[in-house]
file protein.cif (mmCIF, C-alpha atoms and all ligand atoms)
data_input
#
loop_
_atom_site.label_atom_id
_atom_site.label_comp_id
_atom_site.auth_asym_id
_atom_site.auth_seq_id
_atom_site.Cartn_x
_atom_site.Cartn_y
_atom_site.Cartn_z
CA MET A 1 -16.44 -25.80 -11.43
CA ASN A 2 -18.92 -23.46 -9.79
CA THR A 3 -19.25 -25.13 -6.44
CA ILE A 4 -21.29 -22.68 -4.42
CA LYS A 5 -20.09 -23.14 -0.88
CA HIS A 6 -20.81 -19.83 0.77
CA THR A 7 -24.07 -19.67 2.63
CA ASN A 8 -23.84 -16.10 3.85
CA LYS A 9 -24.00 -13.99 0.73
CA LYS A 10 -23.31 -10.58 2.15
CA ILE A 11 -20.51 -8.75 0.40
CA SER A 12 -18.97 -5.56 1.77
CA ILE A 13 -17.72 -3.09 -0.80
CA ILE A 14 -15.35 -0.67 0.90
CA ALA A 15 -14.68 2.68 -0.72
CA PRO A 16 -12.49 5.28 1.01
CA PHE A 17 -12.58 8.72 -0.54
CA PHE A 18 -11.19 12.19 -0.12
CA ASN A 19 -12.77 15.11 -2.02
CA GLU A 20 -14.34 13.06 -4.80
CA GLU A 21 -17.58 14.94 -5.49
CA GLU A 22 -17.04 14.55 -9.25
CA SER A 23 -16.37 10.82 -9.17
CA LEU A 24 -18.82 9.66 -6.51
CA PRO A 25 -22.08 9.95 -8.51
CA ILE A 26 -20.66 8.00 -11.49
CA PHE A 27 -19.07 5.44 -9.19
CA LEU A 28 -22.19 4.86 -7.13
CA GLU A 29 -24.39 4.50 -10.19
CA GLU A 30 -22.05 1.97 -11.75
CA VAL A 31 -21.69 -0.06 -8.57
CA LEU A 32 -25.43 -0.09 -7.88
CA ASN A 33 -26.06 -1.35 -11.41
CA ILE A 34 -23.63 -4.20 -10.99
CA VAL A 35 -24.93 -5.08 -7.56
CA LYS A 36 -28.46 -5.25 -8.96
CA GLU A 37 -27.39 -7.87 -11.47
CA LEU A 38 -25.85 -10.09 -8.82
CA VAL A 39 -29.02 -11.82 -7.72
CA GLY A 40 -28.80 -13.86 -4.56
CA TYR A 41 -26.25 -11.61 -2.85
CA ASN A 42 -26.64 -8.86 -0.29
CA PHE A 43 -24.37 -5.89 -0.44
CA GLU A 44 -23.29 -3.22 1.95
CA ILE A 45 -21.40 -0.36 0.35
CA ILE A 46 -19.27 1.29 2.98
CA PHE A 47 -18.03 4.74 2.06
CA ILE A 48 -15.38 6.28 4.27
CA ASP A 49 -15.17 10.04 4.09
CA ASP A 50 -11.51 10.74 4.81
CA GLY A 51 -12.03 14.35 5.87
CA SER A 52 -13.38 15.70 2.59
CA THR A 53 -13.88 19.43 2.34
CA ASP A 54 -16.07 19.42 -0.78
CA ASN A 55 -19.68 18.28 -1.24
CA SER A 56 -18.94 14.55 -1.34
CA LEU A 57 -20.51 13.89 2.04
CA VAL A 58 -23.65 15.91 1.32
CA PHE A 59 -24.23 13.79 -1.77
CA LEU A 60 -23.67 10.49 0.02
CA LYS A 61 -25.81 11.39 3.03
CA GLU A 62 -28.71 11.90 0.66
CA LYS A 63 -28.05 8.58 -1.04
CA ALA A 64 -27.78 6.80 2.30
CA LYS A 65 -31.26 8.02 3.21
CA GLU A 66 -32.66 6.39 0.07
CA ASN A 67 -30.71 3.17 0.30
CA LYS A 68 -30.09 1.37 3.59
CA ASN A 69 -27.24 -0.66 2.08
CA ILE A 70 -25.17 2.47 1.73
CA ILE A 71 -23.19 3.10 4.91
CA VAL A 72 -21.17 6.25 5.30
CA LEU A 73 -18.43 6.63 7.89
CA GLU A 74 -17.30 10.19 8.40
CA LEU A 75 -13.80 10.45 9.82
CA SER A 76 -13.00 13.46 11.98
CA ARG A 77 -10.26 14.64 9.60
CA ASN A 78 -8.05 13.41 6.76
CA PHE A 79 -6.21 10.37 8.09
CA GLY A 80 -4.93 9.12 4.72
CA LYS A 81 -6.21 6.35 2.52
CA GLU A 82 -4.58 3.56 4.49
CA ALA A 83 -6.35 4.60 7.70
CA ALA A 84 -9.67 5.21 5.94
CA LEU A 85 -9.55 1.77 4.39
CA THR A 86 -8.78 0.28 7.80
CA ALA A 87 -11.87 1.97 9.23
CA GLY A 88 -13.99 0.41 6.48
CA ILE A 89 -12.53 -3.05 6.99
CA ASP A 90 -13.10 -2.85 10.76
CA MET A 91 -16.73 -1.98 10.17
CA ALA A 92 -17.46 -4.55 7.45
CA ILE A 93 -19.67 -7.50 8.32
CA GLY A 94 -19.81 -9.25 4.95
CA SER A 95 -18.57 -12.77 4.33
CA ALA A 96 -16.23 -11.19 1.81
CA ILE A 97 -14.94 -7.66 1.39
CA ILE A 98 -13.90 -5.72 -1.70
CA PRO A 99 -11.85 -2.53 -1.20
CA ILE A 100 -12.18 -0.27 -4.22
CA ASP A 101 -11.21 3.28 -5.27
CA VAL A 102 -14.07 5.61 -6.17
CA ASP A 103 -12.35 7.19 -9.18
CA LEU A 104 -13.29 4.16 -11.34
CA GLN A 105 -9.66 3.27 -11.93
CA ASP A 106 -10.67 -0.06 -10.41
CA PRO A 107 -13.44 -1.16 -12.78
CA PRO A 108 -16.47 -2.24 -10.67
CA ILE A 109 -17.43 -4.71 -13.38
CA LEU A 110 -14.63 -6.96 -12.06
CA ILE A 111 -16.68 -7.49 -8.89
CA LYS A 112 -18.73 -10.07 -10.76
CA LYS A 113 -15.66 -12.07 -11.79
CA MET A 114 -14.22 -11.80 -8.30
CA ILE A 115 -17.34 -13.25 -6.71
CA LYS A 116 -17.37 -16.08 -9.22
CA GLN A 117 -13.77 -16.96 -8.35
CA TRP A 118 -14.55 -16.71 -4.67
CA GLU A 119 -17.46 -19.10 -5.07
CA SER A 120 -15.19 -21.60 -6.75
CA GLY A 121 -12.94 -21.67 -3.74
CA SER A 122 -10.38 -18.84 -3.72
CA ASP A 123 -10.02 -17.02 -0.42
CA VAL A 124 -8.49 -13.99 -2.10
CA VAL A 125 -9.13 -12.79 -5.64
CA LEU A 126 -6.62 -10.19 -6.80
CA ALA A 127 -7.21 -7.75 -9.61
CA LYS A 128 -3.85 -7.67 -11.36
CA ARG A 129 -2.85 -4.80 -13.63
CA GLU A 130 -1.98 -6.33 -16.95
CA ASN A 131 -0.33 -3.25 -18.31
CA ARG A 132 0.25 0.30 -17.24
CA LEU A 133 -0.23 1.97 -20.59
CA ASN A 134 -2.61 4.46 -19.00
CA GLU A 135 0.04 5.71 -16.63
CA ASN A 136 2.83 8.16 -17.29
CA PHE A 137 6.42 7.13 -17.85
CA LEU A 138 7.68 8.22 -14.44
CA LYS A 139 5.01 6.26 -12.61
CA ARG A 140 5.62 3.13 -14.67
CA ILE A 141 9.37 3.19 -14.18
CA SER A 142 9.14 3.96 -10.47
CA ALA A 143 6.54 1.24 -9.94
CA SER A 144 8.66 -1.45 -11.54
CA PHE A 145 11.72 -0.20 -9.66
CA PHE A 146 9.77 -0.29 -6.40
CA TYR A 147 8.51 -3.85 -6.94
CA LYS A 148 12.10 -4.99 -7.57
CA ILE A 149 13.34 -3.37 -4.37
CA TYR A 150 10.35 -4.64 -2.42
CA SER A 151 10.75 -8.23 -3.55
CA PHE A 152 14.49 -8.04 -2.81
CA PHE A 153 13.89 -6.95 0.78
CA VAL A 154 10.56 -8.55 1.58
CA GLY A 155 10.61 -11.58 -0.67
CA ASN A 156 7.97 -12.96 -2.96
CA SER A 157 4.81 -11.54 -1.48
CA LYS A 158 2.28 -11.09 -4.27
CA ILE A 159 2.13 -7.33 -4.32
CA SER A 160 3.51 -6.69 -7.82
CA ASN A 161 1.01 -4.87 -10.02
CA VAL A 162 -1.90 -5.39 -7.67
CA GLY A 163 -3.53 -2.65 -5.63
CA ASP A 164 -5.98 -2.75 -2.76
CA PHE A 165 -8.69 -3.75 -5.24
CA ARG A 166 -9.39 -7.40 -4.50
CA LEU A 167 -11.94 -9.70 -2.91
CA ILE A 168 -11.02 -11.07 0.50
CA ASP A 169 -12.91 -13.83 2.27
CA LYS A 170 -14.07 -13.22 5.83
CA ARG A 171 -11.70 -15.70 7.42
CA VAL A 172 -8.78 -13.78 5.90
CA VAL A 173 -10.38 -10.47 6.86
CA ASP A 174 -10.63 -11.60 10.50
CA ASN A 175 -6.87 -12.11 10.49
CA ILE A 176 -6.27 -8.73 8.88
CA LYS A 177 -8.40 -7.09 11.58
CA ASN A 178 -5.95 -8.48 14.12
CA LEU A 179 -3.07 -6.53 12.61
CA LYS A 180 -3.23 -3.51 14.86
CA GLU A 181 -0.02 -1.77 13.85
CA LYS A 182 -0.10 1.97 13.33
CA ASN A 183 2.29 2.03 10.37
CA ARG A 184 -0.12 0.79 7.80
CA TYR A 185 1.02 -0.28 4.39
CA MET A 186 -2.34 -1.77 3.42
CA LYS A 187 -1.26 -3.68 0.37
CA GLY A 188 1.25 -5.54 2.50
CA LEU A 189 -1.18 -6.05 5.38
CA LEU A 190 -3.92 -7.34 3.09
CA SER A 191 -1.51 -9.91 1.66
CA TRP A 192 0.14 -10.82 4.92
CA PRO A 193 -2.22 -13.62 6.09
CA GLY A 194 -1.71 -15.52 2.84
CA PHE A 195 -4.47 -18.10 2.11
CA SER A 196 -5.29 -19.27 -1.40
CA SER A 197 -5.46 -16.62 -4.07
CA ALA A 198 -6.46 -16.25 -7.68
CA GLU A 199 -5.75 -13.41 -10.07
CA ILE A 200 -7.93 -11.59 -12.55
CA PRO A 201 -5.98 -9.57 -15.13
CA TYR A 202 -7.33 -6.15 -16.01
CA THR A 203 -6.33 -2.89 -17.60
CA ARG A 204 -6.37 -0.04 -15.16
CA ASN A 205 -8.45 2.84 -16.44
CA LYS A 206 -7.57 6.48 -16.30
CA ARG A 207 -9.28 8.47 -13.58
CA LYS A 208 -12.85 9.31 -14.65
CA ALA A 209 -12.97 12.65 -12.88
CA GLY A 210 -11.08 14.72 -10.34
CA LYS A 211 -7.36 14.59 -9.64
CA SER A 212 -5.08 11.98 -8.06
CA LYS A 213 -4.53 12.56 -4.34
CA PHE A 214 -1.14 10.93 -4.42
CA THR A 215 1.84 13.05 -5.37
CA PHE A 216 5.12 11.44 -6.35
CA LEU A 217 6.54 12.28 -2.94
CA LYS A 218 3.59 10.65 -1.16
CA LEU A 219 4.06 7.52 -3.25
CA LEU A 220 7.78 7.47 -2.50
CA ASN A 221 6.95 7.71 1.18
CA LEU A 222 4.42 4.92 0.91
CA GLY A 223 6.96 2.75 -0.86
CA PHE A 224 9.50 3.36 1.87
CA GLU A 225 6.85 2.58 4.44
CA GLY A 226 6.09 -0.64 2.59
CA VAL A 227 9.64 -1.90 2.72
CA THR A 228 10.42 -0.86 6.29
CA SER A 229 7.08 -2.19 7.59
CA PHE A 230 7.73 -5.64 6.26
CA SER A 231 11.48 -6.15 6.38
CA ILE A 232 14.41 -5.37 8.64
CA LEU A 233 16.82 -6.41 5.94
CA PRO A 234 17.84 -2.76 5.26
CA LEU A 235 19.26 -2.69 8.79
CA LYS A 236 21.21 -5.89 8.29
CA PHE A 237 22.38 -4.56 4.97
CA PHE A 238 24.36 -1.89 6.78
CA THR A 239 25.85 -4.38 9.19
CA THR A 240 27.14 -6.29 6.19
CA ILE A 241 28.52 -3.20 4.47
CA GLY A 242 30.19 -2.18 7.72
CA PHE A 243 31.76 -5.58 8.04
CA ILE A 244 33.08 -5.57 4.49
CA GLY A 245 34.38 -2.04 5.09
CA ILE A 246 36.38 -3.16 8.11
CA ILE A 247 38.05 -6.01 6.25
CA PHE A 248 38.79 -3.70 3.33
CA SER A 249 40.30 -1.05 5.62
CA PHE A 250 42.50 -3.61 7.32
CA PHE A 251 44.13 -4.71 4.07
CA PHE A 252 44.33 -1.15 2.88
CA ALA A 253 46.13 -0.17 6.06
CA ILE A 254 48.75 -2.89 5.52
CA ILE A 255 49.34 -1.75 1.94
CA ILE A 256 49.78 1.86 3.01
CA LEU A 257 52.11 0.87 5.80
CA LEU A 258 54.27 -1.14 3.41
CA GLN A 259 54.33 1.76 0.97
CA LYS A 260 55.37 4.12 3.72
CA ILE A 261 58.23 1.83 4.70
CA PHE A 262 59.57 0.91 1.24
CA TYR A 263 58.95 4.02 -0.90
CA GLU A 264 60.78 7.19 -0.25
CA ASN A 265 58.34 9.42 -2.17
CA PHE A 266 55.14 8.35 -0.51
CA ILE A 267 51.97 9.11 -2.59
CA GLU A 268 50.00 12.29 -1.97
CA GLY A 269 46.51 10.88 -2.54
CA TYR A 270 44.56 14.01 -1.56
CA ALA A 271 41.68 13.47 -3.98
CA PHE A 272 41.40 9.84 -3.06
CA LEU A 273 41.32 10.67 0.62
CA ILE A 274 38.57 13.25 0.23
CA LEU A 275 36.54 10.84 -1.88
CA LEU A 276 36.91 8.14 0.71
CA ILE A 277 35.83 10.44 3.53
CA LEU A 278 32.85 11.68 1.54
CA PHE A 279 31.82 8.19 0.53
CA PHE A 280 31.95 6.67 3.98
CA GLY A 281 30.54 9.82 5.56
CA SER A 282 27.46 9.62 3.35
CA LEU A 283 27.17 5.91 3.84
CA GLN A 284 27.14 6.41 7.59
CA LEU A 285 24.50 9.11 7.34
CA LEU A 286 22.38 6.86 5.17
CA GLY A 287 22.77 4.08 7.72
CA ILE A 288 21.80 6.37 10.58
CA GLY A 289 18.84 7.61 8.54
CA ILE A 290 17.56 4.10 7.96
CA LEU A 291 18.09 3.27 11.61
CA GLY A 292 16.09 6.41 12.37
CA GLU A 293 13.22 5.21 10.20
CA TYR A 294 12.87 2.11 12.30
CA ILE A 295 13.21 3.99 15.58
CA GLY A 296 10.55 6.40 14.33
CA LYS A 297 8.28 3.46 13.73
CA ILE A 298 8.86 2.13 17.24
CA TYR A 299 8.11 5.62 18.58
CA ILE A 300 4.82 5.80 16.68
CA GLU A 301 3.80 2.30 17.74
CA THR A 302 4.51 2.92 21.42
CA LYS A 303 2.29 6.01 21.49
CA ASN A 304 -0.52 3.68 20.51
CA ARG A 305 -2.78 6.35 19.13
CA PRO A 306 -5.93 5.24 17.30
CA ILE A 307 -5.53 4.76 13.55
CA TYR A 308 -8.65 6.82 12.78
CA ILE A 309 -11.53 8.57 14.54
CA ILE A 310 -15.10 8.14 13.34
CA LYS A 311 -17.06 11.36 13.78
CA ASN A 312 -20.40 10.20 12.38
CA ARG A 313 -21.95 7.11 10.95
CA TYR A 314 -24.88 7.19 8.56
CA ASN A 315 -26.90 3.93 8.39
N1 LIG B 1 -8.04 8.73 -0.80
C1 LIG B 1 -8.41 8.79 0.54
N2 LIG B 1 -7.67 9.57 1.40
C2 LIG B 1 -6.57 10.29 0.98
C3 LIG B 1 -6.20 10.18 -0.38
C4 LIG B 1 -6.95 9.41 -1.24
O1 LIG B 1 -9.38 8.16 0.97
O2 LIG B 1 -5.96 10.97 1.80
C5 LIG B 1 -8.85 7.90 -1.74
C6 LIG B 1 -9.23 8.58 -3.04
O3 LIG B 1 -10.36 9.38 -2.90
C7 LIG B 1 -9.45 7.40 -3.95
C8 LIG B 1 -8.39 6.41 -3.47
O4 LIG B 1 -8.05 6.80 -2.14
O5 LIG B 1 -10.74 6.82 -3.79
C9 LIG B 1 -7.18 6.40 -4.36
O6 LIG B 1 -6.65 7.68 -4.46
P1 LIG B 1 -6.13 8.31 -5.84
O7 LIG B 1 -7.04 7.89 -6.96
O8 LIG B 1 -5.97 9.78 -5.64
O9 LIG B 1 -4.72 7.62 -5.98
P2 LIG B 1 -4.05 7.02 -7.30
O10 LIG B 1 -5.06 6.14 -7.95
O11 LIG B 1 -3.72 8.21 -8.15
O12 LIG B 1 -2.86 6.31 -6.81
MG MG B 2 -6.89 6.69 -8.51
#
call {"tool": "encode", "arguments": {"input": "protein.cif", "output": "structure tokens", "more": "lines below"}}
Ligand code: UDP
Ligand code: MG
result
Amino acid sequence: MNTIKHTNKKISIIAPFFNEEESLPIFLEEVLNIVKELVGYNFEIIFIDDGSTDNSLVFLKEKAKENKNIIVLELSRNFGKEAALTAGIDMAIGSAIIPIDVDLQDPPILIKKMIKQWESGSDVVLAKRENRLNENFLKRISASFFYKIYSFFVGNSKISNVGDFRLIDKRVVDNIKNLKEKNRYMKGLLSWPGFSSAEIPYTRNKRKAGKSKFTFLKLLNLGFEGVTSFSILPLKFFTTIGFIGIIFSFFFAIIILLQKIFYENFIEGYAFLILLILFFGSLQLLGIGILGEYIGKIYIETKNRPIYIIKNRYN
């Protein structure tokens, strides 16, 4: 099966990080060990410092001096993981890229399997989380809820239980580089070009050191971003509800009119009325809110600000 078809054997490992001084040494050691075993390939390991305020950068600058395959991009401030990853992808020159987290939740050992799959013809090799036993209840429930909502609005798009950790062939990467939008839901953007893909199941580890940089609120925001970046169905949803509401009101009006004419003691209906006002009032606000989300996106896109700023590059 192993038909080796790639002549350029440079692989770009892309690792965005933010305040990871505890994780970086373990991560780098593990990755360098794996890379060493992959004879016949060249690697560039691109670290993107997303505005860290700890000693992460000091450590990596030292390492970059010793090893020319370690490239460090220092962003001018914290732009968020999505932007940092974009910076790394833009800079990568490998014939395949592998975005990876530095907290070792994405096991670097999978890189070997990914490359093998790539050599046998897959353009994209996804690391798919087989179970989420290492995650807390809230995260598990919200993730499965999110994937349901996402697939309802966006359709079947291969994002369930995969992260950014994957191998992507250069011809797919070139297409991803063309996606210049400022609202960046990377998982969606990475999947957007399509191409042939294979999956490698794995169990996601717990963080080796340090703390997660994503709070529940940040994740919720990212999820919202994901849906609204890839679907305008939520907007149409409200058109439909509005339409159904109008038909409903029309029949309701006729019933009330008939009641008014034929019954002497016409119903009071105070509670019902208040409920109705509250319900449709909130529904309207929700609709306006969602409309606002999209307008906000247009606003951000039109300003056309850069996604990230590189302050320094080492190597
Ligand atoms: N990260 C980043 N910029 C940020 C937040 C996080 O580059 O503003 C990096 C972080 O250092 C890690 C990866 O993104 O390498 C994933 O973050 P984290 O492990 O905190 O997220 P989780 O795995 O908990 O979702
Ligand atoms: Mg993590």
call {"tool": "closest_residue", "arguments": {"input": "protein.cif", "among": "A:Leu217, A:Ile244, A:Val227, A:Leu38", "to": "ligand LIG 1 (chain B)", "atoms": "all atoms listed in the file"}}
result
A:Leu217
call {"tool": "residues_near_ligand", "arguments": {"input": "protein.cif", "ligand": "ligand LIG 1 (chain B)", "cutoff": "6 Å", "atoms": "only C-alpha atoms and all ligand atoms", "output": "count of residues only"}}
result
15
call {"tool": "residues_around", "arguments": {"input": "protein.cif", "residues": "A:Phe280", "least_positions_apart": "2", "cutoff": "12 Å", "atoms": "all atoms listed in the file", "output": "number ranges by chain"}}
result
A: 238, 241-242, 245-246, 249, 273-278, 282-287
call {"tool": "residues_around", "arguments": {"input": "protein.cif", "residues": "A:Ile48", "least_positions_apart": "2", "cutoff": "10 Å", "atoms": "all atoms listed in the file", "output": "ChimeraX atom specification"}}
result
/A:14-18,45-46,50-52,57,71-75,81,83-88,310,313
call {"tool": "closest_residue", "arguments": {"input": "protein.cif", "among": "A:Leu104, A:Val162, A:Leu189, A:Ala127", "to": "ligand MG 2 (chain B)", "atoms": "all atoms listed in the file"}}
result
A:Leu104
call {"tool": "build_atoms", "arguments": {"input": "protein.cif", "residues": "stretch 183-194 of chain A", "atoms": "all heavy atoms", "output": "PDB file, keeping the file's coordinate frame"}}
result
ATOM      1  N   ASN A 183       1.666   1.775  11.674  1.00  0.00           N
ATOM      2  CA  ASN A 183       2.290   2.030  10.370  1.00  0.00           C
ATOM      3  C   ASN A 183       1.612   1.114   9.378  1.00  0.00           C
ATOM      4  O   ASN A 183       1.889  -0.075   9.345  1.00  0.00           O
ATOM      5  CB  ASN A 183       3.782   1.709  10.426  1.00  0.00           C
ATOM      6  CG  ASN A 183       4.511   2.605  11.397  1.00  0.00           C
ATOM      7  OD1 ASN A 183       4.768   3.765  11.123  1.00  0.00           O
ATOM      8  ND2 ASN A 183       4.823   2.072  12.566  1.00  0.00           N
ATOM      9  N   ARG A 184       0.724   1.677   8.586  1.00  0.00           N
ATOM     10  CA  ARG A 184      -0.120   0.790   7.800  1.00  0.00           C
ATOM     11  C   ARG A 184       0.154   0.862   6.308  1.00  0.00           C
ATOM     12  O   ARG A 184      -0.262   1.786   5.630  1.00  0.00           O
ATOM     13  CB  ARG A 184      -1.584   1.098   8.084  1.00  0.00           C
ATOM     14  CG  ARG A 184      -1.916   0.910   9.549  1.00  0.00           C
ATOM     15  CD  ARG A 184      -3.374   0.938   9.789  1.00  0.00           C
ATOM     16  NE  ARG A 184      -4.034  -0.262   9.359  1.00  0.00           N
ATOM     17  CZ  ARG A 184      -4.034  -1.404  10.036  1.00  0.00           C
ATOM     18  NH1 ARG A 184      -3.365  -1.505  11.157  1.00  0.00           N
ATOM     19  NH2 ARG A 184      -4.674  -2.445   9.580  1.00  0.00           N
ATOM     20  N   TYR A 185       0.869  -0.117   5.826  1.00  0.00           N
ATOM     21  CA  TYR A 185       1.020  -0.280   4.390  1.00  0.00           C
ATOM     22  C   TYR A 185      -0.004  -1.339   3.986  1.00  0.00           C
ATOM     23  O   TYR A 185       0.230  -2.531   4.119  1.00  0.00           O
ATOM     24  CB  TYR A 185       2.451  -0.722   4.072  1.00  0.00           C
ATOM     25  CG  TYR A 185       2.693  -0.963   2.614  1.00  0.00           C
ATOM     26  CD1 TYR A 185       2.611   0.077   1.691  1.00  0.00           C
ATOM     27  CD2 TYR A 185       3.005  -2.227   2.145  1.00  0.00           C
ATOM     28  CE1 TYR A 185       2.833  -0.147   0.355  1.00  0.00           C
ATOM     29  CE2 TYR A 185       3.236  -2.453   0.799  1.00  0.00           C
ATOM     30  CZ  TYR A 185       3.151  -1.405  -0.089  1.00  0.00           C
ATOM     31  OH  TYR A 185       3.366  -1.636  -1.406  1.00  0.00           O
ATOM     32  N   MET A 186      -1.190  -0.863   3.569  1.00  0.00           N
ATOM     33  CA  MET A 186      -2.340  -1.770   3.420  1.00  0.00           C
ATOM     34  C   MET A 186      -2.109  -2.924   2.466  1.00  0.00           C
ATOM     35  O   MET A 186      -2.508  -4.048   2.725  1.00  0.00           O
ATOM     36  CB  MET A 186      -3.589  -0.983   3.002  1.00  0.00           C
ATOM     37  CG  MET A 186      -4.217  -0.197   4.121  1.00  0.00           C
ATOM     38  SD  MET A 186      -4.379  -1.107   5.669  1.00  0.00           S
ATOM     39  CE  MET A 186      -5.868  -2.024   5.379  1.00  0.00           C
ATOM     40  N   LYS A 187      -1.453  -2.623   1.351  1.00  0.00           N
ATOM     41  CA  LYS A 187      -1.260  -3.680   0.370  1.00  0.00           C
ATOM     42  C   LYS A 187      -0.497  -4.849   0.991  1.00  0.00           C
ATOM     43  O   LYS A 187      -0.810  -6.010   0.751  1.00  0.00           O
ATOM     44  CB  LYS A 187      -0.469  -3.107  -0.806  1.00  0.00           C
ATOM     45  CG  LYS A 187      -0.893  -3.678  -2.106  1.00  0.00           C
ATOM     46  CD  LYS A 187      -0.595  -2.752  -3.244  1.00  0.00           C
ATOM     47  CE  LYS A 187       0.884  -2.566  -3.476  1.00  0.00           C
ATOM     48  NZ  LYS A 187       1.185  -2.247  -4.880  1.00  0.00           N
ATOM     49  N   GLY A 188       0.475  -4.506   1.814  1.00  0.00           N
ATOM     50  CA  GLY A 188       1.250  -5.540   2.500  1.00  0.00           C
ATOM     51  C   GLY A 188       0.409  -6.254   3.554  1.00  0.00           C
ATOM     52  O   GLY A 188       0.433  -7.476   3.672  1.00  0.00           O
ATOM     53  N   LEU A 189      -0.367  -5.457   4.314  1.00  0.00           N
ATOM     54  CA  LEU A 189      -1.180  -6.050   5.380  1.00  0.00           C
ATOM     55  C   LEU A 189      -2.257  -6.964   4.809  1.00  0.00           C
ATOM     56  O   LEU A 189      -2.539  -8.036   5.353  1.00  0.00           O
ATOM     57  CB  LEU A 189      -1.829  -4.942   6.228  1.00  0.00           C
ATOM     58  CG  LEU A 189      -0.875  -4.081   7.052  1.00  0.00           C
ATOM     59  CD1 LEU A 189      -1.644  -2.972   7.765  1.00  0.00           C
ATOM     60  CD2 LEU A 189      -0.117  -4.925   8.071  1.00  0.00           C
ATOM     61  N   LEU A 190      -2.859  -6.533   3.689  1.00  0.00           N
ATOM     62  CA  LEU A 190      -3.920  -7.340   3.090  1.00  0.00           C
ATOM     63  C   LEU A 190      -3.364  -8.682   2.619  1.00  0.00           C
ATOM     64  O   LEU A 190      -4.057  -9.699   2.639  1.00  0.00           O
ATOM     65  CB  LEU A 190      -4.569  -6.611   1.908  1.00  0.00           C
ATOM     66  CG  LEU A 190      -5.305  -5.297   2.202  1.00  0.00           C
ATOM     67  CD1 LEU A 190      -5.869  -4.698   0.929  1.00  0.00           C
ATOM     68  CD2 LEU A 190      -6.436  -5.508   3.213  1.00  0.00           C
ATOM     69  N   SER A 191      -2.117  -8.679   2.178  1.00  0.00           N
ATOM     70  CA  SER A 191      -1.510  -9.910   1.660  1.00  0.00           C
ATOM     71  C   SER A 191      -0.902 -10.761   2.755  1.00  0.00           C
ATOM     72  O   SER A 191      -0.622 -11.943   2.542  1.00  0.00           O
ATOM     73  CB  SER A 191      -0.414  -9.582   0.646  1.00  0.00           C
ATOM     74  OG  SER A 191      -0.918  -8.794  -0.381  1.00  0.00           O
ATOM     75  N   TRP A 192      -0.655 -10.158   3.880  1.00  0.00           N
ATOM     76  CA  TRP A 192       0.140 -10.820   4.920  1.00  0.00           C
ATOM     77  C   TRP A 192      -0.411 -12.170   5.382  1.00  0.00           C
ATOM     78  O   TRP A 192       0.362 -13.131   5.532  1.00  0.00           O
ATOM     79  CB  TRP A 192       0.319  -9.865   6.119  1.00  0.00           C
ATOM     80  CG  TRP A 192       1.232 -10.418   7.157  1.00  0.00           C
ATOM     81  CD1 TRP A 192       2.601 -10.388   7.156  1.00  0.00           C
ATOM     82  CD2 TRP A 192       0.856 -11.118   8.349  1.00  0.00           C
ATOM     83  NE1 TRP A 192       3.088 -11.014   8.260  1.00  0.00           N
ATOM     84  CE2 TRP A 192       2.051 -11.473   9.020  1.00  0.00           C
ATOM     85  CE3 TRP A 192      -0.373 -11.472   8.914  1.00  0.00           C
ATOM     86  CZ2 TRP A 192       2.049 -12.164  10.226  1.00  0.00           C
ATOM     87  CZ3 TRP A 192      -0.361 -12.164  10.119  1.00  0.00           C
ATOM     88  CH2 TRP A 192       0.829 -12.509  10.763  1.00  0.00           C
ATOM     89  N   PRO A 193      -1.742 -12.316   5.600  1.00  0.00           N
ATOM     90  CA  PRO A 193      -2.220 -13.620   6.090  1.00  0.00           C
ATOM     91  C   PRO A 193      -2.028 -14.754   5.091  1.00  0.00           C
ATOM     92  O   PRO A 193      -2.032 -15.923   5.502  1.00  0.00           O
ATOM     93  CB  PRO A 193      -3.720 -13.390   6.344  1.00  0.00           C
ATOM     94  CG  PRO A 193      -3.881 -11.927   6.461  1.00  0.00           C
ATOM     95  CD  PRO A 193      -2.860 -11.357   5.537  1.00  0.00           C
ATOM     96  N   GLY A 194      -1.879 -14.447   3.818  1.00  0.00           N
ATOM     97  CA  GLY A 194      -1.710 -15.520   2.840  1.00  0.00           C
ATOM     98  C   GLY A 194      -3.052 -16.083   2.384  1.00  0.00           C
ATOM     99  O   GLY A 194      -3.867 -15.366   1.862  1.00  0.00           O
TER     100      GLY A 194
END
